[in-house]
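A.B. asks: Pasting in a structure now, in structure tokens, and then I'll have a few things to ask.
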Number of protein chains: 2
Amino acid sequence: MIMEVGHREASQAIEDGQLHLEHVQMRDKHVSSLQRGNEEKEKDRNTESLMTNFSNIYALDLLPARNGEEFTEQFLLEVVEILLNYIKKSFDDKSKVLDFHHPHQLLEGLEGLNLELSDYPEPLEQILVDCRDTLKYGVKTGHPRYFNQLSSGLDIIGLAGEWLTATANTNMFTYEIAPVFTVMEEILLKKMHEMIGWGETEADGIFSPGGTISNLYSILVARYKYFPEVKTKGMAALPQIVLFASEHSHYSIKKAAATLGIGTNNVIAVKCDGRGKMIPSDLEAEILKAKRQGRTPLYVTATAGTTVYGAFDPLVNIADICEKYKLWMHVDAAWGGGLLMSRKHSWKLHGIERANSVTWNPHKLMGVPLQCSAFLVCEKGLLQACNQMCAGYLFQPDKQYDVTYDTGDKTIQCGRHVDIFKLWLMWKAKGNQGFDILISKFLELADYLYKELKARENFELVFDAEPEFTNVCFWYIPPSLRRMPNGPERERVLHQVAPKIKAWMIEKGTMMVSYQPHGDKVNFFRMVFSNPATRKSDVDFLLEEIERLGKDI
Amino acid sequence: MIMEVGHREASQAIEDGQLHLEHVQMRDKHVSSLQRGNEEKEKDRNTESLMTNFSNIYALDLLPARNGEEFTEQFLLEVVEILLNYIKKSFDDKSKVLDFHHPHQLLEGLEGLNLELSDYPEPLEQILVDCRDTLKYGVKTGHPRYFNQLSSGLDIIGLAGEWLTATANTNMFTYEIAPVFTVMEEILLKKMHEMIGWGETEADGIFSPGGTISNLYSILVARYKYFPEVKTKGMAALPQIVLFASEHSHYSIKKAAATLGIGTNNVIAVKCDGRGKMIPSDLEAEILKAKRQGRTPLYVTATAGTTVYGAFDPLVNIADICEKYKLWMHVDAAWGGGLLMSRKHSWKLHGIERANSVTWNPHKLMGVPLQCSAFLVCEKGLLQACNQMCAGYLFQPDKQYDVTYDTGDKTIQCGRHVDIFKLWLMWKAKGNQGFDILISKFLELADYLYKELKARENFELVFDAEPEFTNVCFWYIPPSLRRMPNGPERERVLHQVAPKIKAWMIEKGTMMVSYQPHGDKVNFFRMVFSNPATRKSDVDFLLEEIERLGKDI
């Protein structure tokens with residue numbers, strides 16, 4: 001027996017050795033240095049345990065290689081040092097947000113940065129250089145002056161959660177291989193249902209790869225609820241269903257309609273008021289019109305926090321209409337859902353408890369690292385019924401545990417990334433209270449910006465009303481434009497102001513803020529607060545920098 | 001001016017102070033310890049810089065808090081230490097693969113593990129405990145005896161890539177905020193096209209959240225190619241389209257057909273031979289039958305590496321049929337695509353270069369951490385045309401750089417996780433060669449297992465043929481069953497053997513291997529090699545452990 005084990009260890013050593021040998025032989029340029037290399041590695045191991053020279057160490061020397069433990073630890077600690085330096089720089093408002101280069105420059109290579117891939121392995125020294133360069137030429141989304149998207153900031157607890165998630169490297173499809181994460185997902189879904197006001201018992205949901213997919217789920221489930229035969233027979237078995245969303249709603253509704261075989265023509269745009277809120281009477285008029293045309297109204301999405309204006313649709317009125325016409329009510333709270341964590345501001349989502357389904361992205365207002373999006377549905381079992389295919393190789397009914405925890409058949413995916421641990425860990429570390437404080441701060445900053453804009457003569461608000469959310473939309477009016485009369489020529493010039501300033505701001509790397517046209521409005525800046533690192537002084541900087549960049553236009 | 005700056009700094013300090021004060025006031029149980037706490041923190045900072053006591057430090061003390069740098073660094077290093085210990089344990093075959101508990105046990109709480117979330121923040125000490133416990137009660141998917149899924153193992157370079165990706169925390173939708181990653185995606189797509197044999201110029205693609213979504217893309221794009229009006233008008237404007245996939249194909253094809261509004265009845269299952277390969281003559285017969293029924297054949301998926309048997313469909317014959325009937329040919333190489341990296345084995349995918357689209361998951365055979373799935377399409381521009389909605393707030397045409405690098409409108413998502421950096425980094429660190437070596441090793445292990453199974457009398461192969469891939473399917477026949485005659489009773493008992501052994505193996509935590517019924521075959525084990533840590537001795541262990549667990553059934 002002992003001999004057998006001994007023999008096995010010996011043959012393993014041969015197996016490992018052969019593998020390594022083959023690797024080295026194929027790496028022809030390194031063949032002659034093999035012996036010397038091994039000696040050097042041995043020396044490294046003995047004399048320089050804290051400062052490994054990685055120029056002669058390769059991926060194949062790391063675990064699971066025999067004696068790979070030490071190199072693995074040292075290599076990962078080197079990587080972590082690079083990351084820690086990056087994190088410190090990200091939070092330093094004296095560092096640049098980005099070091100801009102054009103696509104062709106990155107493709108051609110920059111100062112030793114070479115993105116091309118080769119047939120042969122690079123030493124770990126080069127891998128560390130590549131890590132540094134990837135960060136150097138990227139965008140610091142955690143920088144206090146990065147305001148470019150609804151998702152910004154770098155939450156340290158969330159980051160730790162992501163590092164752990166990556167290390168656990170598992171898949172959400174079954175309890176079998178993701179027991180803790182599966183249970184955490186259930187706990188988070190329950191918590192979010194409570195905050196929506198649905199109560200614990202009946203609600204259901206799933207974390208999906210982003211708000212657009214969550215919105216797609218809402219239409220998919222609504223369609224199945226009213227017409228379950230769609231699963232087997234397809235859209236051919238259905239009448240001409242139509243969906244309603246406001247003209248300010250996110251483009252994901254149209255995208256999902258195209259994907260699901262409903263067609264974008266069957267998404268009806270409901271008019272909004274000047275602040276971007278859906279007009280309920282127009283919704284009702286559109287429903288009646290569709291019925292007169294012989295089409296079948298099915299679903300309404302109301303938005304809680306529109307992408308550009310940050311508007312909240314009147315949920316109670318929309319719920320009344322959905323009830324009256326027996327339509328599925330979805331609330332796209334991808335952006336605004338976080339306000340449910342705020343004692344002071346959650347009233348803005350009043351009526352959400354009457355929705356059939358909700359999209360809520362913790363990766364936006366709540367600052368969870370990308371990505372983390374929840375699709376929540378009020379009726380238990382619908383998701384499973386709609387999507388399940390009962391694959392025998394994953395969802396064996398004869399497992400020893402309660403297989404209702406194998407949630408993978410609820411999804412339109414098979415494998416599913418673990419997106420929930422970082423949220424769970426942040427919730428533990430902050431409590432509802434911590435999110436509440438953070439979100440209140442964002443709204444205070446929006447209010448501060450609004451007041452500053454009103455007080456400064458070179459800026460113009462897109463709509464003049466105190467912000468309900470953290471979006472603040474405005475034009476910068478350069479001196480040359482202030483003398484121009486209103487009219488098409490002024491509009492034409494004004495349309496070019498934001499893109500020019502944005503381009504210069506990116507070249508300088510001092511900050512990043514988004515702009516866009518919207519409806520009949522020419523390009524304007526959309527400022528948004530979701531970055532915990534941002535302070536009032538950064539808001540002042542924003543306005544001053546826009547003036548510096550734009551004054552000579 | 002100086003005064004103004006001074007004033008601003010002072011008001012920031014007040015702002016930060018207020019934030020922290022509010023946090024502490026709300027955390028009522030901690031109010032009285034505030035002063036003491038701050039003193040202790042100060043002491044910690046001075047005297048115990050390497051061994052911080054986190055029992056009185058909270059998330060709000062980390063960056064972006066003022067003076068948060070040191071706590072941030074120390075906290076993240078503590079987390080990394082936990083992760084490094086876990087990694088070492090993962091690769092140690094003397095450690096358990098898992099410490100099994102039932103869902104209700106995790107929900108009720110175990111030895112201080114409490115998954116419930118609270119209104120109040122927990123100190124970072126508790127957060128570190130939670131990290132340790134999450135790993136303790138999870139499954140070590142990198143363990144040499146974890147064989148449970150097609151994705152297994154823990155690649156250290158890939159892991160480093162994920163840690164960096166999490167730290168960069170950005171979104172693939174625009175070049176603007178993900179310049180390096182966007183260019184890397186292009187480089188990887190080109191590389192993969194080359195390996196498929198399409199050449200560089202025309203091909204296109206996207207990394208998606210998993211193989212099932214990649215397969216969905218293939219149907220979506222095929223449908224759009226033949227019937228572009230589907231985007232606006234929906235399925236109502238189309239004839240009854242039908243899709244073809246073998247009876248051994250992945251369930252994602254049916255799932256996608258349900259999602260896309262095509263209906264599962266319109267997915268026709270083509271028969272397979274005893275080894276699980278699609279029978280081309282049956283495909284042709286089914287196409288002709290569908291035509292006779294007035295249905296419109298549109299699309300065929302061929303599988304390169306089926307989930308259970310690891311079979312390769314005859315791609316050349318299928319390509320001929322697709323050409324003859326002008327059908328879209330998709331190859332689902334989610335599992336088998338990695339073989340294209342192998343000089344010895346890539347011939348098994350001969351004919352893939354004639355496909356219109358391919359799914360290839362580097363997170364399977366190539367060992368990239370979850371998740372990393374590529375959808376590749378031969379015709380450039382089709383993905384963009386099919387999915388674009390031109391959202392003004394993201395895809396501004398008046399940016400200063402080449403906006404063709406804003407690839408976000410190609411997808412059915414909006415935000416998209418960065419799944420490519422880990423693959424890019426692994427490719428740099430290994431070269432094609434490194435993947436080649438790894439994959440050859442997996443096939444050698446499969447061959448070794450096959451020979452062992454043939455040599456041992458207590459095992460029976462599901463089909464007796466040398467493995468083409470790394471899947472090996474077999475029954476364990478306990479002594480009590482060896483005496484039973486073939487027939488329904490033996491089948492009934494045999495069906496229960498694998499689940500029983502699997503349950504005991506999970507309770508013991510010694511290894512994990514999958515089982516399932518398939519077609520008319522009762523439950524059998526599906527062994528699969530994709531874990532770089534697995535050695536021949538682990539294969540021996542697998543067989544011996546199954547015998548130990550199952551001998552008294």
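We name chains A, B, ... following the order of the structure tokens; residues begin at 1 in each chain, and ligands are numbered from 1 as shown.
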So that I can see what lies close to stretch 389-393 of chain A, please list as a ChimeraX atom specification the residues with an atom at most 12 Å from it, counting only C-alpha atoms and leaving out residues fewer than 5 positions away in the same chain.

C.D. replies: /A:173-174,231-232,383-384,398-399,403,406-414 /B:148-150,248-259,264,306-309,513-519,521-527

A.B. asks: May I ask you to extract the residues of chain B within 6 Å of chain A, using only C-alpha atoms, and to give them as number ranges by chain?

C.D. replies: B: 59, 64, 117-122, 138-139, 163, 177, 180, 210, 212, 231-235, 258-265, 392-393, 400, 413-415, 428-433, 503, 516, 533

A.B. asks: Which one is closest to A:Asp552: A:Ser480, A:Asn356, A:Gln74, A:Asn458? Count only C-alpha atoms.

C.D. replies: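 Closest residue, counting only C-alpha atoms: A:Ser480.
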
A.B. asks: Give me, please, the distance in Å between atom CA of A:Leu449 and atom CA of A:Glu247, quoted to one decimal.

C.D. replies: 26.1 Å

A.B. asks: Run DSSP on the backbone and tell me which residues of stretch 339-373 of chain A come out as helix (DSSP H, G or I); list them as a PyMOL selection string.

C.D. replies: chain A and resi 339-341+346-349+352-354

A.B. asks: Take the residues from that selection and put them in a file with N, CA, C and O atoms, as a JSON list (two decimals), in the first residue's frame.

C.D. replies:
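What landed in result20.json:
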[["chain", "number", "residue", "atom", "x", "y", "z"],
["A", 339, "LEU", "N", -33.64, 54.89, -3.70],
["A", 339, "LEU", "CA", -34.32, 55.84, -2.81],
["A", 339, "LEU", "C", -35.20, 55.14, -1.78],
["A", 339, "LEU", "O", -35.54, 55.74, -0.76],
["A", 340, "LEU", "N", -35.57, 53.88, -2.07],
["A", 340, "LEU", "CA", -36.36, 53.14, -1.07],
["A", 340, "LEU", "C", -35.58, 52.97, 0.23],
["A", 340, "LEU", "O", -36.17, 52.68, 1.28],
["A", 341, "MET", "N", -34.27, 53.13, 0.18],
["A", 341, "MET", "CA", -33.43, 53.02, 1.38],
["A", 341, "MET", "C", -33.44, 54.33, 2.19],
["A", 341, "MET", "O", -32.84, 54.39, 3.26],
["A", 346, "SER", "N", -38.07, 58.22, 0.24],
["A", 346, "SER", "CA", -38.71, 57.04, -0.34],
["A", 346, "SER", "C", -40.14, 57.32, -0.81],
["A", 346, "SER", "O", -40.67, 56.61, -1.66],
["A", 347, "TRP", "N", -40.75, 58.36, -0.28],
["A", 347, "TRP", "CA", -42.14, 58.70, -0.69],
["A", 347, "TRP", "C", -42.23, 58.95, -2.20],
["A", 347, "TRP", "O", -43.31, 58.83, -2.78],
["A", 348, "LYS", "N", -41.12, 59.29, -2.80],
["A", 348, "LYS", "CA", -41.16, 59.58, -4.25],
["A", 348, "LYS", "C", -41.52, 58.35, -5.07],
["A", 348, "LYS", "O", -41.86, 58.45, -6.24],
["A", 349, "LEU", "N", -41.38, 57.16, -4.45],
["A", 349, "LEU", "CA", -41.75, 55.92, -5.13],
["A", 349, "LEU", "C", -43.09, 55.38, -4.62],
["A", 349, "LEU", "O", -43.42, 54.20, -4.85],
["A", 352, "ILE", "N", -45.26, 52.12, -5.79],
["A", 352, "ILE", "CA", -44.47, 51.02, -6.34],
["A", 352, "ILE", "C", -44.97, 49.68, -5.81],
["A", 352, "ILE", "O", -44.84, 48.64, -6.48],
["A", 353, "GLU", "N", -45.57, 49.70, -4.61],
["A", 353, "GLU", "CA", -46.08, 48.46, -4.00],
["A", 353, "GLU", "C", -47.24, 47.89, -4.80],
["A", 353, "GLU", "O", -47.61, 46.73, -4.60],
["A", 354, "ARG", "N", -47.79, 48.66, -5.71],
["A", 354, "ARG", "CA", -48.89, 48.15, -6.54],
["A", 354, "ARG", "C", -48.38, 47.56, -7.86],
["A", 354, "ARG", "O", -49.17, 47.05, -8.66]]

A.B. asks: Which of stretch 221-406 of chain A end up as strand (DSSP E) when DSSP is run on this backbone - answer as number ranges by chain?

C.D. replies: A: 241-246, 267-270, 296-303, 328-332, 357-360, 373-377

A.B. asks: If you count only C-alpha atoms, which residues fall within 9 Å of stretch 283-300 of chain A, apart from same-chain ones fewer than 5 positions away, as a list in words?

C.D. replies: Ile219, Ala222, Arg223, Tyr226, Pro239, Gln240, Ile241, Val242, Leu243, Phe244, Ala245, Ser246, Ile268, Ala269, Val270, Lys271, Met278, Ile318, Ile321, Cys322, Tyr325, Lys326, Leu327, Trp328, Met329, His330 and Val331 of chain A

A.B. asks: With N, CA and C atoms kept, could you save the residues just selected as a short mmCIF file (atom, residue, chain, number, x, y, z; two decimals), in the first residue's frame?

C.D. replies:
data_model
loop_
_atom_site.label_atom_id
_atom_site.label_comp_id
_atom_site.auth_asym_id
_atom_site.auth_seq_id
_atom_site.Cartn_x
_atom_site.Cartn_y
_atom_site.Cartn_z
N ILE A 219 -41.18 42.05 -19.25
CA ILE A 219 -42.07 41.87 -20.41
C ILE A 219 -42.29 40.38 -20.66
N ALA A 222 -44.68 39.07 -18.03
CA ALA A 222 -46.04 39.61 -18.26
C ALA A 222 -46.70 38.87 -19.42
N ARG A 223 -45.94 38.68 -20.49
CA ARG A 223 -46.47 37.99 -21.68
C ARG A 223 -46.88 36.56 -21.33
N TYR A 226 -50.21 36.38 -19.18
CA TYR A 226 -51.47 36.54 -19.92
C TYR A 226 -51.62 35.47 -21.01
N PRO A 239 -52.54 37.50 -29.95
CA PRO A 239 -53.00 38.69 -30.66
C PRO A 239 -51.86 39.72 -30.70
N GLN A 240 -52.10 40.85 -31.33
CA GLN A 240 -51.05 41.86 -31.44
C GLN A 240 -50.92 42.63 -30.13
N ILE A 241 -50.02 42.18 -29.28
CA ILE A 241 -49.89 42.82 -27.97
C ILE A 241 -49.11 44.13 -28.09
N VAL A 242 -49.46 45.08 -27.22
CA VAL A 242 -48.72 46.35 -27.21
C VAL A 242 -48.30 46.71 -25.78
N LEU A 243 -47.16 47.41 -25.72
CA LEU A 243 -46.56 47.82 -24.46
C LEU A 243 -46.54 49.34 -24.41
N PHE A 244 -46.58 49.89 -23.22
CA PHE A 244 -46.58 51.35 -23.06
C PHE A 244 -45.43 51.77 -22.16
N ALA A 245 -44.74 52.81 -22.61
CA ALA A 245 -43.64 53.36 -21.80
C ALA A 245 -43.54 54.84 -22.15
N SER A 246 -43.07 55.63 -21.24
CA SER A 246 -43.05 57.07 -21.52
C SER A 246 -41.95 57.41 -22.52
N ILE A 268 -45.52 51.70 -27.36
CA ILE A 268 -46.14 53.01 -27.58
C ILE A 268 -45.56 54.02 -26.59
N ALA A 269 -45.08 55.14 -27.14
CA ALA A 269 -44.45 56.17 -26.31
C ALA A 269 -45.52 57.10 -25.74
N VAL A 270 -45.63 57.12 -24.44
CA VAL A 270 -46.61 58.00 -23.78
C VAL A 270 -45.93 59.33 -23.48
N LYS A 271 -46.67 60.41 -23.66
CA LYS A 271 -46.10 61.75 -23.50
C LYS A 271 -45.75 62.07 -22.04
N MET A 278 -44.40 60.87 -16.91
CA MET A 278 -45.46 60.37 -17.78
C MET A 278 -46.79 61.06 -17.43
N ILE A 318 -50.76 55.69 -12.42
CA ILE A 318 -50.49 54.65 -13.42
C ILE A 318 -51.03 53.30 -12.93
N ILE A 321 -54.71 53.09 -13.54
CA ILE A 321 -55.02 52.81 -14.95
C ILE A 321 -54.75 51.34 -15.27
N CYS A 322 -53.63 50.82 -14.78
CA CYS A 322 -53.31 49.41 -15.03
C CYS A 322 -54.41 48.51 -14.44
N TYR A 325 -57.61 48.66 -16.61
CA TYR A 325 -57.55 47.96 -17.90
C TYR A 325 -56.89 46.58 -17.80
N LYS A 326 -56.64 46.14 -16.57
CA LYS A 326 -56.04 44.82 -16.31
C LYS A 326 -54.71 44.63 -17.05
N LEU A 327 -53.84 45.61 -16.89
CA LEU A 327 -52.52 45.53 -17.54
C LEU A 327 -51.46 45.23 -16.49
N TRP A 328 -50.40 44.62 -16.95
CA TRP A 328 -49.23 44.37 -16.09
C TRP A 328 -48.54 45.71 -15.84
N MET A 329 -48.28 46.00 -14.56
CA MET A 329 -47.56 47.23 -14.25
C MET A 329 -46.13 46.90 -13.81
N HIS A 330 -45.20 47.40 -14.60
CA HIS A 330 -43.79 47.25 -14.23
C HIS A 330 -43.25 48.62 -13.82
N VAL A 331 -42.40 48.64 -12.81
CA VAL A 331 -41.71 49.88 -12.47
C VAL A 331 -40.22 49.70 -12.73
#

A.B. asks: Considering only C-alpha atoms, return as a list in words whatever protein or nucleic-acid residues lie within 10 Å of A:Leu453, sequence-local ones (same chain, fewer than 5 positions apart) excluded.

C.D. replies: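 Surrounding residues, per the criterion: Asp447, Tyr448, Asn458, Phe459, Glu460, Leu461, Val472, Cys473, Phe474, Trp475, Tyr476 and Leu543 of chain A.
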
A.B. asks: Kindly save the residues from that selection, with C-alpha atoms included, as a PDB file, in the first residue's frame.

C.D. replies:
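Produced file again_10.pdb, reproduced below:
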ATOM      1  CA  ASP A 447     -29.676  70.642  -4.488  1.00  0.00           C
ATOM      2  CA  TYR A 448     -26.406  72.507  -4.012  1.00  0.00           C
ATOM      3  CA  ASN A 458     -23.357  81.537 -17.568  1.00  0.00           C
ATOM      4  CA  PHE A 459     -25.546  78.512 -16.972  1.00  0.00           C
ATOM      5  CA  GLU A 460     -29.124  77.720 -17.892  1.00  0.00           C
ATOM      6  CA  LEU A 461     -31.278  74.961 -16.459  1.00  0.00           C
ATOM      7  CA  VAL A 472     -29.401  68.100 -12.776  1.00  0.00           C
ATOM      8  CA  CYS A 473     -29.558  69.069 -16.459  1.00  0.00           C
ATOM      9  CA  PHE A 474     -28.097  72.323 -17.732  1.00  0.00           C
ATOM     10  CA  TRP A 475     -26.494  74.229 -20.566  1.00  0.00           C
ATOM     11  CA  TYR A 476     -23.352  76.245 -20.333  1.00  0.00           C
ATOM     12  CA  LEU A 543     -18.734  74.549 -12.879  1.00  0.00           C
TER      13      LEU A 543
END

A.B. asks: From the list B:Asp99, B:Ala385, B:Glu468, B:Phe227, which residue is nearest B:Lys277 when using only C-alpha atoms?

C.D. replies: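 Closest residue, counting only C-alpha atoms: B:Glu468.
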
A.B. asks: Pick the closest to B:Pro228 from B:Gly112, B:Pro488, B:Leu382, B:Lys422: which is it, counting only C-alpha atoms?

C.D. replies: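 Nearest to B:Pro228: B:Leu382.
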
A.B. asks: So what do you get for atom CA of A:Glu202 versus atom CA of A:Arg343, distance-wise?

C.D. replies: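 So the answer is 24.7 Å.
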
A.B. asks: So how many Å separate atom CA of A:Phe469 and atom CA of A:Arg490, to one decimal?

C.D. replies: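 Calculated distance between atom CA of A:Phe469 and atom CA of A:Arg490 is 29.5 Å.
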